[in-house]
>>> print(open('protein.csv').read())   # CSV, C-alpha atoms and all ligand atoms
chain,number,residue,atom,x,y,z
G,1,MET,CA,85.3,93.1,97.9
G,2,ALA,CA,85.5,95.5,100.8
G,3,THR,CA,88.0,98.4,100.8
G,4,ASP,CA,89.3,98.3,104.3
G,5,ASP,CA,92.8,96.9,105.3
G,6,SER,CA,91.4,93.7,106.7
G,7,ALA,CA,90.1,92.8,103.2
G,8,ALA,CA,93.4,93.3,101.4
G,9,PRO,CA,94.9,90.1,99.8
G,10,ALA,CA,96.9,88.1,102.3
G,11,SER,CA,100.0,88.5,100.2
G,12,THR,CA,100.1,92.2,100.9
G,13,ALA,CA,100.6,91.6,104.6
G,14,GLY,CA,103.7,93.3,105.9
G,15,HIS,CA,103.3,96.4,103.6
G,16,ALA,CA,103.1,98.8,106.5
G,17,GLY,CA,102.2,102.3,105.5
G,18,ALA,CA,100.8,101.3,102.1
G,19,ASP,CA,97.6,103.2,101.3
G,20,ARG,CA,95.4,100.4,100.1
G,21,ARG,CA,92.4,102.7,99.6
G,22,ARG,CA,93.9,104.7,96.8
G,23,VAL,CA,95.0,102.8,93.7
G,24,HIS,CA,96.5,103.8,90.4
G,25,ARG,CA,95.0,102.4,87.2
G,26,GLY,CA,97.2,103.8,84.5
G,27,GLY,CA,96.3,107.4,84.5
G,28,GLN,CA,93.4,106.9,86.8
G,29,VAL,CA,93.7,107.4,90.6
G,30,LEU,CA,90.8,105.6,92.3
G,31,THR,CA,89.6,105.8,95.9
G,32,GLY,CA,86.6,104.5,97.8
G,33,PRO,CA,84.5,101.8,96.1
G,34,ALA,CA,86.1,102.6,92.8
G,35,ALA,CA,89.4,101.4,94.2
G,36,THR,CA,88.0,97.8,94.1
G,37,ALA,CA,87.9,97.9,90.3
G,38,PRO,CA,89.8,95.2,88.6
G,39,THR,CA,93.2,96.0,86.9
G,40,PHE,CA,93.5,96.2,83.1
G,41,ASP,CA,95.3,92.8,83.1
G,42,GLN,CA,92.4,91.3,85.1
G,43,LEU,CA,89.9,92.7,82.7
G,44,LEU,CA,91.8,91.4,79.7
G,45,LEU,CA,92.5,87.9,81.1
G,46,ASP,CA,89.8,87.1,83.5
G,47,ALA,CA,86.6,86.1,81.6
G,48,ARG,CA,84.5,85.8,84.8
G,49,GLU,CA,82.0,88.3,85.9
G,50,ALA,CA,83.1,90.7,88.6
G,51,PRO,CA,82.1,89.5,92.0
G,52,ALA,CA,79.0,91.0,93.5
G,53,GLY,CA,79.8,94.4,95.0
G,54,GLN,CA,83.0,94.9,93.0
G,55,ALA,CA,83.0,98.1,91.0
G,56,ARG,CA,83.3,98.0,87.2
G,57,VAL,CA,85.7,100.8,86.7
G,58,PRO,CA,87.0,101.5,84.1
G,59,SER,CA,83.7,101.1,82.3
G,60,THR,CA,83.0,98.3,79.8
G,61,SER,CA,83.1,100.7,76.8
G,62,SER,CA,86.7,101.9,77.7
G,63,THR,CA,87.9,98.3,77.9
G,64,SER,CA,86.6,97.2,74.5
G,65,ASP,CA,89.3,95.2,72.7
G,66,ALA,CA,89.8,97.9,70.1
G,67,TRP,CA,90.7,100.5,72.8
G,68,ARG,CA,92.8,97.8,74.5
G,69,VAL,CA,95.0,97.5,71.5
G,70,LEU,CA,95.8,101.2,71.6
G,71,ARG,CA,96.5,101.0,75.3
G,72,ILE,CA,98.8,98.0,74.8
G,73,GLN,CA,100.5,99.8,71.9
G,74,SER,CA,101.0,102.9,74.1
G,75,GLU,CA,102.7,100.7,76.7
G,76,PHE,CA,105.2,99.5,74.2
G,77,VAL,CA,105.8,103.0,72.9
G,78,GLU,CA,106.3,104.3,76.5
G,79,GLY,CA,108.7,101.5,77.4
G,80,PHE,CA,110.7,101.6,74.2
G,81,GLY,CA,110.9,105.4,74.4
G,82,THR,CA,112.1,105.5,78.0
G,83,LEU,CA,114.7,102.7,77.7
G,84,ALA,CA,116.0,103.2,74.2
G,85,ASP,CA,119.2,104.9,75.3
G,86,LEU,CA,119.8,102.8,78.4
G,87,GLY,CA,123.1,101.2,77.4
G,88,PRO,CA,124.2,97.8,78.7
G,89,ALA,CA,121.9,96.5,81.4
G,90,VAL,CA,121.1,93.4,83.4
G,91,SER,CA,117.6,92.4,84.6
G,92,VAL,CA,117.5,91.2,88.2
G,93,PHE,CA,114.6,89.1,89.5
G,94,GLY,CA,113.6,87.8,92.9
G,95,SER,CA,111.0,87.6,95.5
G,96,ALA,CA,108.8,90.5,96.3
G,97,ARG,CA,108.8,89.2,99.9
G,98,THR,CA,112.5,89.3,100.6
G,99,GLY,CA,112.8,91.2,103.8
G,100,GLU,CA,115.2,94.1,104.5
G,101,GLY,CA,117.8,92.9,106.9
G,102,THR,CA,117.9,89.4,105.5
G,103,GLU,CA,121.0,87.8,103.8
G,104,GLU,CA,119.1,87.6,100.6
G,105,TYR,CA,118.3,91.3,100.6
G,106,ALA,CA,122.0,92.0,101.3
G,107,LEU,CA,122.9,89.8,98.4
G,108,GLY,CA,120.5,91.8,96.1
G,109,VAL,CA,122.1,95.1,97.2
G,110,GLU,CA,125.6,93.8,96.6
G,111,LEU,CA,124.5,92.4,93.2
G,112,GLY,CA,123.1,95.8,92.2
G,113,ARG,CA,126.3,97.5,93.3
G,114,LEU,CA,128.6,95.1,91.5
G,115,LEU,CA,126.6,95.2,88.3
G,116,VAL,CA,127.0,99.0,88.3
G,117,ALA,CA,130.7,98.7,89.0
G,118,ALA,CA,130.9,96.4,86.0
G,119,GLY,CA,129.3,99.0,83.8
G,120,TYR,CA,125.7,97.8,83.7
G,121,ALA,CA,122.4,99.4,84.5
G,122,VAL,CA,120.1,97.4,86.7
G,123,ILE,CA,116.6,96.6,85.7
G,124,THR,CA,114.1,95.2,88.1
G,125,GLY,CA,110.3,94.9,88.5
G,126,GLY,CA,110.5,98.1,90.6
G,127,GLY,CA,108.7,96.5,93.6
G,128,PRO,CA,109.6,95.5,97.1
G,129,GLY,CA,111.9,92.8,98.4
G,130,ALA,CA,114.7,91.5,96.0
G,131,MET,CA,113.7,94.1,93.4
G,132,GLU,CA,114.2,96.9,95.9
G,133,ALA,CA,117.5,95.4,97.0
G,134,GLY,CA,118.8,95.3,93.4
G,135,ASN,CA,117.7,98.9,92.8
G,136,ARG,CA,119.1,100.0,96.1
G,137,GLY,CA,122.6,98.6,95.3
G,138,ALA,CA,122.5,100.3,91.9
G,139,HIS,CA,121.3,103.6,93.4
G,140,GLU,CA,124.0,103.5,96.2
G,141,ALA,CA,126.7,102.9,93.5
G,142,ASP,CA,125.4,106.0,91.6
G,143,GLY,CA,124.4,103.8,88.7
G,144,VAL,CA,121.3,103.6,86.5
G,145,SER,CA,118.5,102.0,88.5
G,146,VAL,CA,115.4,101.0,86.4
G,147,GLY,CA,112.1,99.8,87.8
G,148,LEU,CA,109.5,98.4,85.5
G,149,GLY,CA,106.4,98.5,87.8
G,150,ILE,CA,103.2,96.5,87.2
G,151,GLU,CA,99.7,97.5,88.1
G,152,LEU,CA,98.4,95.0,90.6
G,153,PRO,CA,95.0,94.6,92.3
G,154,PHE,CA,96.6,96.0,95.4
G,155,GLU,CA,98.9,99.0,95.3
G,156,THR,CA,102.6,98.6,96.0
G,157,GLY,CA,104.2,101.4,93.9
G,158,LEU,CA,107.8,101.7,92.8
G,159,ASN,CA,110.4,101.3,95.5
G,160,PRO,CA,112.3,104.5,96.5
G,161,TYR,CA,115.6,103.4,94.8
G,162,VAL,CA,114.2,103.4,91.3
G,163,GLY,CA,115.8,106.2,89.2
G,164,ILE,CA,114.0,105.5,85.9
G,165,GLY,CA,110.6,104.1,86.4
G,166,VAL,CA,107.9,102.9,83.9
G,167,ASP,CA,104.5,101.6,85.1
G,168,PHE,CA,102.9,98.9,83.1
G,169,ARG,CA,99.3,97.7,83.1
G,170,TYR,CA,100.1,94.5,81.2
G,171,PHE,CA,102.5,91.9,82.3
G,172,PHE,CA,103.3,90.7,78.8
G,173,ALA,CA,104.4,94.2,77.6
G,174,ARG,CA,106.6,94.6,80.7
G,175,LYS,CA,108.2,91.2,80.1
G,176,VAL,CA,109.3,92.3,76.6
G,177,MET,CA,111.2,95.2,78.2
G,178,PHE,CA,113.0,93.0,80.7
G,179,LEU,CA,114.4,91.0,77.8
G,180,ARG,CA,114.8,93.7,75.1
G,181,TYR,CA,117.0,96.0,77.2
G,182,ALA,CA,119.1,93.4,79.1
G,183,GLN,CA,122.1,91.5,78.2
G,184,GLY,CA,121.4,88.8,80.7
G,185,PHE,CA,119.2,87.8,83.7
G,186,VAL,CA,120.3,87.3,87.3
G,187,VAL,CA,117.7,85.5,89.4
G,188,LEU,CA,117.7,85.6,93.2
G,189,PRO,CA,115.5,83.3,95.2
G,190,GLY,CA,111.8,83.9,94.5
G,191,GLY,CA,108.3,82.5,94.1
G,192,PHE,CA,105.9,82.1,91.2
G,193,GLY,CA,106.6,85.5,89.7
G,194,THR,CA,110.4,84.9,89.6
G,195,LEU,CA,109.9,81.4,88.2
G,196,ASP,CA,107.7,82.8,85.5
G,197,GLU,CA,110.3,85.3,84.5
G,198,LEU,CA,113.1,82.7,84.7
G,199,PHE,CA,111.3,80.1,82.5
G,200,GLU,CA,110.2,82.6,79.9
G,201,ALA,CA,113.9,83.6,79.4
G,202,LEU,CA,114.9,79.9,79.3
G,203,THR,CA,112.3,79.1,76.7
G,204,LEU,CA,113.5,82.0,74.5
G,205,VAL,CA,117.1,80.9,74.8
G,206,GLN,CA,116.3,77.3,74.3
G,207,THR,CA,114.4,78.1,71.1
G,208,GLY,CA,117.1,80.4,69.8
G,209,THR,CA,114.8,83.4,69.9
G,210,VAL,CA,117.5,85.2,71.9
G,211,THR,CA,121.1,84.3,71.7
G,212,ARG,CA,124.1,84.8,74.0
G,213,PHE,CA,121.8,85.5,76.9
G,214,PRO,CA,123.1,84.3,80.2
G,215,VAL,CA,120.7,83.2,82.9
G,216,VAL,CA,122.4,83.1,86.3
G,217,LEU,CA,120.7,81.7,89.4
G,218,VAL,CA,122.2,83.0,92.7
G,219,GLY,CA,122.0,80.6,95.7
G,220,ARG,CA,122.9,77.0,95.2
G,221,ASP,CA,120.9,75.9,98.3
G,222,PHE,CA,117.8,77.5,96.9
G,223,TRP,CA,118.1,76.7,93.2
G,224,GLY,CA,120.0,73.4,93.4
G,225,PRO,CA,116.9,71.2,94.0
G,226,LEU,CA,115.2,72.8,91.0
G,227,VAL,CA,118.2,72.2,88.7
G,228,ASP,CA,118.4,68.6,90.0
G,229,TRP,CA,114.7,68.1,89.0
G,230,ILE,CA,115.3,69.7,85.6
G,231,ARG,CA,118.2,67.3,85.0
G,232,GLY,CA,116.8,64.2,86.7
G,233,THR,CA,113.2,64.5,85.4
G,234,LEU,CA,112.9,66.9,82.5
G,235,ALA,CA,116.2,65.9,80.7
G,236,ALA,CA,116.0,62.2,81.9
G,237,ARG,CA,112.5,61.8,80.5
G,238,GLY,CA,113.3,63.6,77.2
G,239,MET,CA,111.2,66.8,77.9
G,240,ILE,CA,114.3,68.9,77.2
G,241,SER,CA,117.7,68.1,75.7
G,242,PRO,CA,120.5,67.2,78.1
G,243,GLU,CA,122.4,70.3,77.0
G,244,ASP,CA,119.5,72.5,77.8
G,245,VAL,CA,120.4,72.1,81.5
G,246,ASP,CA,123.5,74.0,80.7
G,247,LEU,CA,121.5,77.1,79.8
G,248,LEU,CA,121.2,77.6,83.6
G,249,CYS,CA,124.2,78.7,85.5
G,250,VAL,CA,124.1,78.4,89.3
G,251,VAL,CA,126.4,80.4,91.6
G,252,ASP,CA,126.6,81.4,95.2
G,253,THR,CA,127.8,85.0,95.3
G,254,ALA,CA,127.0,88.3,93.6
G,255,GLN,CA,130.5,88.6,92.3
G,256,GLU,CA,130.3,85.2,90.6
G,257,ALA,CA,127.0,86.2,89.0
G,258,VAL,CA,128.6,89.4,87.6
G,259,ASP,CA,131.6,87.4,86.4
G,260,ARG,CA,129.3,85.0,84.5
G,261,ILE,CA,127.4,87.8,82.9
G,262,ARG,CA,130.7,89.3,81.7
G,263,ALA,CA,132.1,86.0,80.6
G,264,THR,CA,129.1,85.4,78.3
G,265,CYS,CA,128.4,89.0,77.1
G,266,GLY,CA,132.0,90.4,77.1
G,267,GLU,CA,132.8,93.8,78.5
G,268,PRO,CA,129.7,96.1,78.5
G,269,ARG,CA,129.9,98.7,75.8
G,270,ALA,CA,127.9,101.9,76.0
G,301,LIG,C1,103.3,90.5,96.6
G,301,LIG,C2,104.0,91.8,97.0
G,301,LIG,C3,104.2,92.8,96.2
G,301,LIG,C4,103.9,92.7,94.8
G,301,LIG,N1,104.6,93.7,94.0
G,301,LIG,C5,105.3,93.5,92.9
G,301,LIG,N2,105.8,94.6,92.2
G,301,LIG,C6,106.5,94.5,91.1
G,301,LIG,N3,106.8,93.3,90.6
G,301,LIG,C7,106.3,92.2,91.2
G,301,LIG,C8,105.5,92.2,92.3
G,301,LIG,N4,105.2,91.0,92.7
G,301,LIG,C9,105.7,90.2,91.8
G,301,LIG,N5,106.4,90.9,90.9
G,301,LIG,C10,107.2,90.3,89.7
G,301,LIG,O1,107.4,88.9,89.9
G,301,LIG,C11,108.7,88.7,90.5
G,301,LIG,C12,108.6,88.4,92.0
G,301,LIG,O2,107.5,87.5,92.2
G,301,LIG,P1,107.6,86.5,93.4
G,301,LIG,O3,106.4,85.6,93.2
G,301,LIG,O4,107.6,87.3,94.7
G,301,LIG,O5,108.9,85.7,93.2
G,301,LIG,C13,109.5,90.0,90.4
G,301,LIG,O6,110.7,89.8,89.7
G,301,LIG,C14,108.6,91.0,89.6
G,301,LIG,O7,108.9,91.2,88.3
G,301,LIG,C15,104.4,91.9,98.4
G,301,LIG,O8,103.9,91.0,99.3
>>> encode(input="protein.csv", output="structure tokens", more="lines below")
Ligand SMILES: C/C(=C\CNc1ncnc2c1ncn2[C@@H]1O[C@H](COP(=O)(O)O)[C@@H](O)[C@H]1O)CO
Amino acid sequence: MATDDSAAPASTAGHAGADRRRVHRGGQVLTGPAATAPTFDQLLLDAREAPAGQARVPSTSSTSDAWRVLRIQSEFVEGFGTLADLGPAVSVFGSARTGEGTEEYALGVELGRLLVAAGYAVITGGGPGAMEAGNRGAHEADGVSVGLGIELPFETGLNPYVGIGVDFRYFFARKVMFLRYAQGFVVLPGGFGTLDELFEALTLVQTGTVTRFPVVLVGRDFWGPLVDWIRGTLAARGMISPEDVDLLCVVDTAQEAVDRIRATCGEPRA
């Protein structure tokens, strides 16, 4: 993999000003050829050999499974330690590609503001798009704005509206934090990442692993067809119980989303 801008993944297009030649890998800051090294998540999950010309940093010895366990453990310690006293919070998900100036971005900002006004801290993935919008609303309302960043093969960094930030190397450790410290999820329109976070929450609620945990989807036009498919195919063909469809709540406005969170969780208590 080359290191110039033209070789950056297509999905990073539009990240004007991002320095793609310097990347953070946990405590490491890598530049030049070393910056092409895979992330810790890639090293853990991708069994294939590194493509020719791609650097192997960190070295194989530092990524042995025994060391990995300690690094994973340290992520949990860092996350739990940082968020332990957060108080009532709601995790907000949505597309990393939602552009500033769009209706969906404005919706995210309003949602962040209203959640703070209702007494909640706002937790997002700390990235651009809908995450930035949620953090921005929380920040503008002088609330607690949390960003749980993830190390990616290309550098994006935490958005400027994150007040409390934690950087994760492993997606699964970060996912625990979204759930552990939130009283509910609000999901704005998004892609694979958003769907992954949505369906993980639904599975945990469906199996009773978490209880009284509202999952609110904002945007009937966006989410309606998915909910129709869940009802018309998953429930109709017995893949889920008919009542499982009710685990999802679809609304159109940020205010309705906050109202649904409060209706399920009660008034937030510090
Ligand atoms: C792809 C782009 C930026 C990636 N930066 C991200 N930073 C933090 N969190 C992210 C990022 N990308 C995805 N996520 C997580 O998944 C959800 C959004 O994924 P989607 O596929 O865009 O719906 C989000 O809630 C994050 O937790 C810029 O092009």
>>> residues_around(input="protein.csv", residues="His139 of chain G", least_positions_apart="6", cutoff="8 Å", atoms="only C-alpha atoms", output="JSON list (two decimals) with C-alpha atoms, in the coordinates of the input")
[["chain", "number", "residue", "atom", "x", "y", "z"],
["G", 113, "ARG", "CA", 126.30, 97.50, 93.30],
["G", 145, "SER", "CA", 118.50, 102.00, 88.50],
["G", 161, "TYR", "CA", 115.60, 103.40, 94.80],
["G", 162, "VAL", "CA", 114.20, 103.40, 91.30],
["G", 163, "GLY", "CA", 115.80, 106.20, 89.20]]
>>> closest_atom_pairs(input="protein.csv", of="chain G", to="ligand LIG 301 (chain G)", cutoff="10 Å", atoms="all atoms listed in the file", output="JSON lines")
{"residue": "G:Pro9", "atom": "CA", "partner": "G:LIG301", "partner_atom": "C1", "distance": 9.0}
{"residue": "G:Ala10", "atom": "CA", "partner": "G:LIG301", "partner_atom": "O8", "distance": 8.1}
{"residue": "G:Ser11", "atom": "CA", "partner": "G:LIG301", "partner_atom": "O8", "distance": 4.7}
{"residue": "G:Thr12", "atom": "CA", "partner": "G:LIG301", "partner_atom": "O8", "distance": 4.3}
{"residue": "G:Ala13", "atom": "CA", "partner": "G:LIG301", "partner_atom": "O8", "distance": 6.3}
{"residue": "G:Gly14", "atom": "CA", "partner": "G:LIG301", "partner_atom": "O8", "distance": 7.0}
{"residue": "G:His15", "atom": "CA", "partner": "G:LIG301", "partner_atom": "O8", "distance": 6.9}
{"residue": "G:Ser91", "atom": "CA", "partner": "G:LIG301", "partner_atom": "O6", "distance": 9.0}
{"residue": "G:Val92", "atom": "CA", "partner": "G:LIG301", "partner_atom": "O6", "distance": 7.1}
{"residue": "G:Phe93", "atom": "CA", "partner": "G:LIG301", "partner_atom": "O6", "distance": 4.0}
{"residue": "G:Gly94", "atom": "CA", "partner": "G:LIG301", "partner_atom": "O6", "distance": 4.8}
{"residue": "G:Ser95", "atom": "CA", "partner": "G:LIG301", "partner_atom": "O4", "distance": 3.5}
{"residue": "G:Ala96", "atom": "CA", "partner": "G:LIG301", "partner_atom": "O4", "distance": 3.8}
{"residue": "G:Arg97", "atom": "CA", "partner": "G:LIG301", "partner_atom": "O8", "distance": 5.3}
{"residue": "G:Thr98", "atom": "CA", "partner": "G:LIG301", "partner_atom": "O4", "distance": 7.9}
{"residue": "G:Gly99", "atom": "CA", "partner": "G:LIG301", "partner_atom": "O8", "distance": 10.0}
{"residue": "G:Ile123", "atom": "CA", "partner": "G:LIG301", "partner_atom": "O7", "distance": 9.8}
{"residue": "G:Thr124", "atom": "CA", "partner": "G:LIG301", "partner_atom": "O7", "distance": 6.6}
{"residue": "G:Gly125", "atom": "CA", "partner": "G:LIG301", "partner_atom": "O7", "distance": 4.0}
{"residue": "G:Gly126", "atom": "CA", "partner": "G:LIG301", "partner_atom": "C6", "distance": 5.4}
{"residue": "G:Gly127", "atom": "CA", "partner": "G:LIG301", "partner_atom": "N2", "distance": 3.7}
{"residue": "G:Pro128", "atom": "CA", "partner": "G:LIG301", "partner_atom": "C3", "distance": 6.1}
{"residue": "G:Gly129", "atom": "CA", "partner": "G:LIG301", "partner_atom": "C15", "distance": 7.6}
{"residue": "G:Ala130", "atom": "CA", "partner": "G:LIG301", "partner_atom": "O6", "distance": 7.7}
{"residue": "G:Met131", "atom": "CA", "partner": "G:LIG301", "partner_atom": "O6", "distance": 6.4}
{"residue": "G:Glu132", "atom": "CA", "partner": "G:LIG301", "partner_atom": "C6", "distance": 9.4}
{"residue": "G:Gly147", "atom": "CA", "partner": "G:LIG301", "partner_atom": "C6", "distance": 8.4}
{"residue": "G:Leu148", "atom": "CA", "partner": "G:LIG301", "partner_atom": "C6", "distance": 7.5}
{"residue": "G:Gly149", "atom": "CA", "partner": "G:LIG301", "partner_atom": "C6", "distance": 5.2}
{"residue": "G:Ile150", "atom": "CA", "partner": "G:LIG301", "partner_atom": "C6", "distance": 5.5}
{"residue": "G:Glu151", "atom": "CA", "partner": "G:LIG301", "partner_atom": "N2", "distance": 7.9}
{"residue": "G:Leu152", "atom": "CA", "partner": "G:LIG301", "partner_atom": "N1", "distance": 7.2}
{"residue": "G:Pro153", "atom": "CA", "partner": "G:LIG301", "partner_atom": "C4", "distance": 9.4}
{"residue": "G:Phe154", "atom": "CA", "partner": "G:LIG301", "partner_atom": "C4", "distance": 8.0}
{"residue": "G:Glu155", "atom": "CA", "partner": "G:LIG301", "partner_atom": "N1", "distance": 7.9}
{"residue": "G:Thr156", "atom": "CA", "partner": "G:LIG301", "partner_atom": "N1", "distance": 5.7}
{"residue": "G:Gly157", "atom": "CA", "partner": "G:LIG301", "partner_atom": "N2", "distance": 7.2}
{"residue": "G:Leu158", "atom": "CA", "partner": "G:LIG301", "partner_atom": "N2", "distance": 7.4}
{"residue": "G:Asn159", "atom": "CA", "partner": "G:LIG301", "partner_atom": "N2", "distance": 8.8}
{"residue": "G:Asp167", "atom": "CA", "partner": "G:LIG301", "partner_atom": "C6", "distance": 9.5}
{"residue": "G:Phe168", "atom": "CA", "partner": "G:LIG301", "partner_atom": "C6", "distance": 9.8}
{"residue": "G:Phe171", "atom": "CA", "partner": "G:LIG301", "partner_atom": "O7", "distance": 8.8}
{"residue": "G:Arg174", "atom": "CA", "partner": "G:LIG301", "partner_atom": "O7", "distance": 8.6}
{"residue": "G:Lys175", "atom": "CA", "partner": "G:LIG301", "partner_atom": "O7", "distance": 8.2}
{"residue": "G:Phe178", "atom": "CA", "partner": "G:LIG301", "partner_atom": "O7", "distance": 8.8}
{"residue": "G:Val187", "atom": "CA", "partner": "G:LIG301", "partner_atom": "O6", "distance": 8.2}
{"residue": "G:Leu188", "atom": "CA", "partner": "G:LIG301", "partner_atom": "O5", "distance": 8.8}
{"residue": "G:Pro189", "atom": "CA", "partner": "G:LIG301", "partner_atom": "O5", "distance": 7.3}
{"residue": "G:Gly190", "atom": "CA", "partner": "G:LIG301", "partner_atom": "O5", "distance": 3.7}
{"residue": "G:Gly191", "atom": "CA", "partner": "G:LIG301", "partner_atom": "O5", "distance": 3.4}
{"residue": "G:Phe192", "atom": "CA", "partner": "G:LIG301", "partner_atom": "O3", "distance": 4.1}
{"residue": "G:Gly193", "atom": "CA", "partner": "G:LIG301", "partner_atom": "O2", "distance": 3.3}
{"residue": "G:Thr194", "atom": "CA", "partner": "G:LIG301", "partner_atom": "O5", "distance": 4.0}
{"residue": "G:Leu195", "atom": "CA", "partner": "G:LIG301", "partner_atom": "O5", "distance": 6.7}
{"residue": "G:Asp196", "atom": "CA", "partner": "G:LIG301", "partner_atom": "O1", "distance": 7.5}
{"residue": "G:Glu197", "atom": "CA", "partner": "G:LIG301", "partner_atom": "O6", "distance": 6.9}
{"residue": "G:Leu198", "atom": "CA", "partner": "G:LIG301", "partner_atom": "O6", "distance": 9.0}
>>> closest_residue(input="protein.csv", among="G:Phe185, G:Leu86, G:Asp244, G:Gly112", to="Gly208 of chain G", atoms="all atoms listed in the file")
G:Asp244
>>> atom_distance(input="protein.csv", atom1="atom CA of Arg169 of chain G", atom2="atom CA of Val77 of chain G")
13.2 Å
>>> residues_around(input="protein.csv", residues="segment 140-144 of chain G", least_positions_apart="3", cutoff="7 Å", atoms="all atoms listed in the file", output="JSON list (two decimals) with C-alpha atoms, in the coordinates of the input")
[["chain", "number", "residue", "atom", "x", "y", "z"],
["G", 113, "ARG", "CA", 126.30, 97.50, 93.30],
["G", 116, "VAL", "CA", 127.00, 99.00, 88.30],
["G", 121, "ALA", "CA", 122.40, 99.40, 84.50],
["G", 122, "VAL", "CA", 120.10, 97.40, 86.70],
["G", 136, "ARG", "CA", 119.10, 100.00, 96.10],
["G", 137, "GLY", "CA", 122.60, 98.60, 95.30],
["G", 163, "GLY", "CA", 115.80, 106.20, 89.20]]
>>> atom_distance(input="protein.csv", atom1="atom CA of Leu111 of chain G", atom2="atom CA of Gly87 of chain G")
18.1 Å
>>> atom_distance(input="protein.csv", atom1="atom CA of Thr233 of chain G", atom2="atom CA of Thr203 of chain G")
17.0 Å
>>> closest_residue(input="protein.csv", among="G:Ser64, G:Gly119, G:Asp85, G:Glu110", to="Asn135 of chain G", atoms="all atoms listed in the file")
G:Glu110
>>> closest_residue(input="protein.csv", among="G:Val166, G:Ala106, G:Glu100, G:Val216", to="Thr82 of chain G", atoms="only C-alpha atoms")
G:Val166
>>> decode(input="protein.csv", residues="segment 201-215 of chain G", atoms="N, CA and C atoms", output="PDB file, in the first residue's frame")
ATOM      1  N   ALA G 201     -27.336  -4.135  19.784  1.00  0.00           N
ATOM      2  CA  ALA G 201     -28.211  -3.726  20.888  1.00  0.00           C
ATOM      3  C   ALA G 201     -29.504  -4.535  20.868  1.00  0.00           C
ATOM      4  N   LEU G 202     -30.074  -4.700  19.671  1.00  0.00           N
ATOM      5  CA  LEU G 202     -31.339  -5.445  19.576  1.00  0.00           C
ATOM      6  C   LEU G 202     -31.170  -6.887  20.054  1.00  0.00           C
ATOM      7  N   THR G 203     -30.051  -7.497  19.701  1.00  0.00           N
ATOM      8  CA  THR G 203     -29.813  -8.883  20.121  1.00  0.00           C
ATOM      9  C   THR G 203     -29.724  -8.974  21.636  1.00  0.00           C
ATOM     10  N   LEU G 204     -29.052  -7.996  22.243  1.00  0.00           N
ATOM     11  CA  LEU G 204     -28.903  -8.013  23.699  1.00  0.00           C
ATOM     12  C   LEU G 204     -30.242  -7.791  24.392  1.00  0.00           C
ATOM     13  N   VAL G 205     -31.078  -6.928  23.818  1.00  0.00           N
ATOM     14  CA  VAL G 205     -32.405  -6.697  24.416  1.00  0.00           C
ATOM     15  C   VAL G 205     -33.284  -7.930  24.187  1.00  0.00           C
ATOM     16  N   GLN G 206     -33.247  -8.464  22.975  1.00  0.00           N
ATOM     17  CA  GLN G 206     -34.086  -9.625  22.640  1.00  0.00           C
ATOM     18  C   GLN G 206     -33.775 -10.813  23.546  1.00  0.00           C
ATOM     19  N   THR G 207     -32.500 -10.990  23.862  1.00  0.00           N
ATOM     20  CA  THR G 207     -32.108 -12.140  24.684  1.00  0.00           C
ATOM     21  C   THR G 207     -32.185 -11.840  26.173  1.00  0.00           C
ATOM     22  N   GLY G 208     -32.616 -10.638  26.514  1.00  0.00           N
ATOM     23  CA  GLY G 208     -32.758 -10.281  27.931  1.00  0.00           C
ATOM     24  C   GLY G 208     -31.433  -9.998  28.614  1.00  0.00           C
ATOM     25  N   THR G 209     -30.380  -9.836  27.820  1.00  0.00           N
ATOM     26  CA  THR G 209     -29.071  -9.540  28.407  1.00  0.00           C
ATOM     27  C   THR G 209     -29.060  -8.125  28.977  1.00  0.00           C
ATOM     28  N   VAL G 210     -29.740  -7.218  28.292  1.00  0.00           N
ATOM     29  CA  VAL G 210     -29.999  -5.904  28.888  1.00  0.00           C
ATOM     30  C   VAL G 210     -31.510  -5.691  28.910  1.00  0.00           C
ATOM     31  N   THR G 211     -31.971  -4.998  29.930  1.00  0.00           N
ATOM     32  CA  THR G 211     -33.416  -4.785  30.068  1.00  0.00           C
ATOM     33  C   THR G 211     -33.707  -3.289  30.118  1.00  0.00           C
ATOM     34  N   ARG G 212     -34.963  -2.962  29.877  1.00  0.00           N
ATOM     35  CA  ARG G 212     -35.364  -1.551  29.865  1.00  0.00           C
ATOM     36  C   ARG G 212     -34.397  -0.678  29.077  1.00  0.00           C
ATOM     37  N   PHE G 213     -34.109  -1.115  27.877  1.00  0.00           N
ATOM     38  CA  PHE G 213     -33.127  -0.394  27.072  1.00  0.00           C
ATOM     39  C   PHE G 213     -33.780   0.020  25.755  1.00  0.00           C
ATOM     40  N   PRO G 214     -34.236   1.276  25.661  1.00  0.00           N
ATOM     41  CA  PRO G 214     -34.917   1.698  24.442  1.00  0.00           C
ATOM     42  C   PRO G 214     -33.958   1.852  23.261  1.00  0.00           C
ATOM     43  N   VAL G 215     -34.432   1.417  22.095  1.00  0.00           N
ATOM     44  CA  VAL G 215     -33.667   1.586  20.856  1.00  0.00           C
ATOM     45  C   VAL G 215     -34.558   2.389  19.913  1.00  0.00           C
TER      46      VAL G 215
END
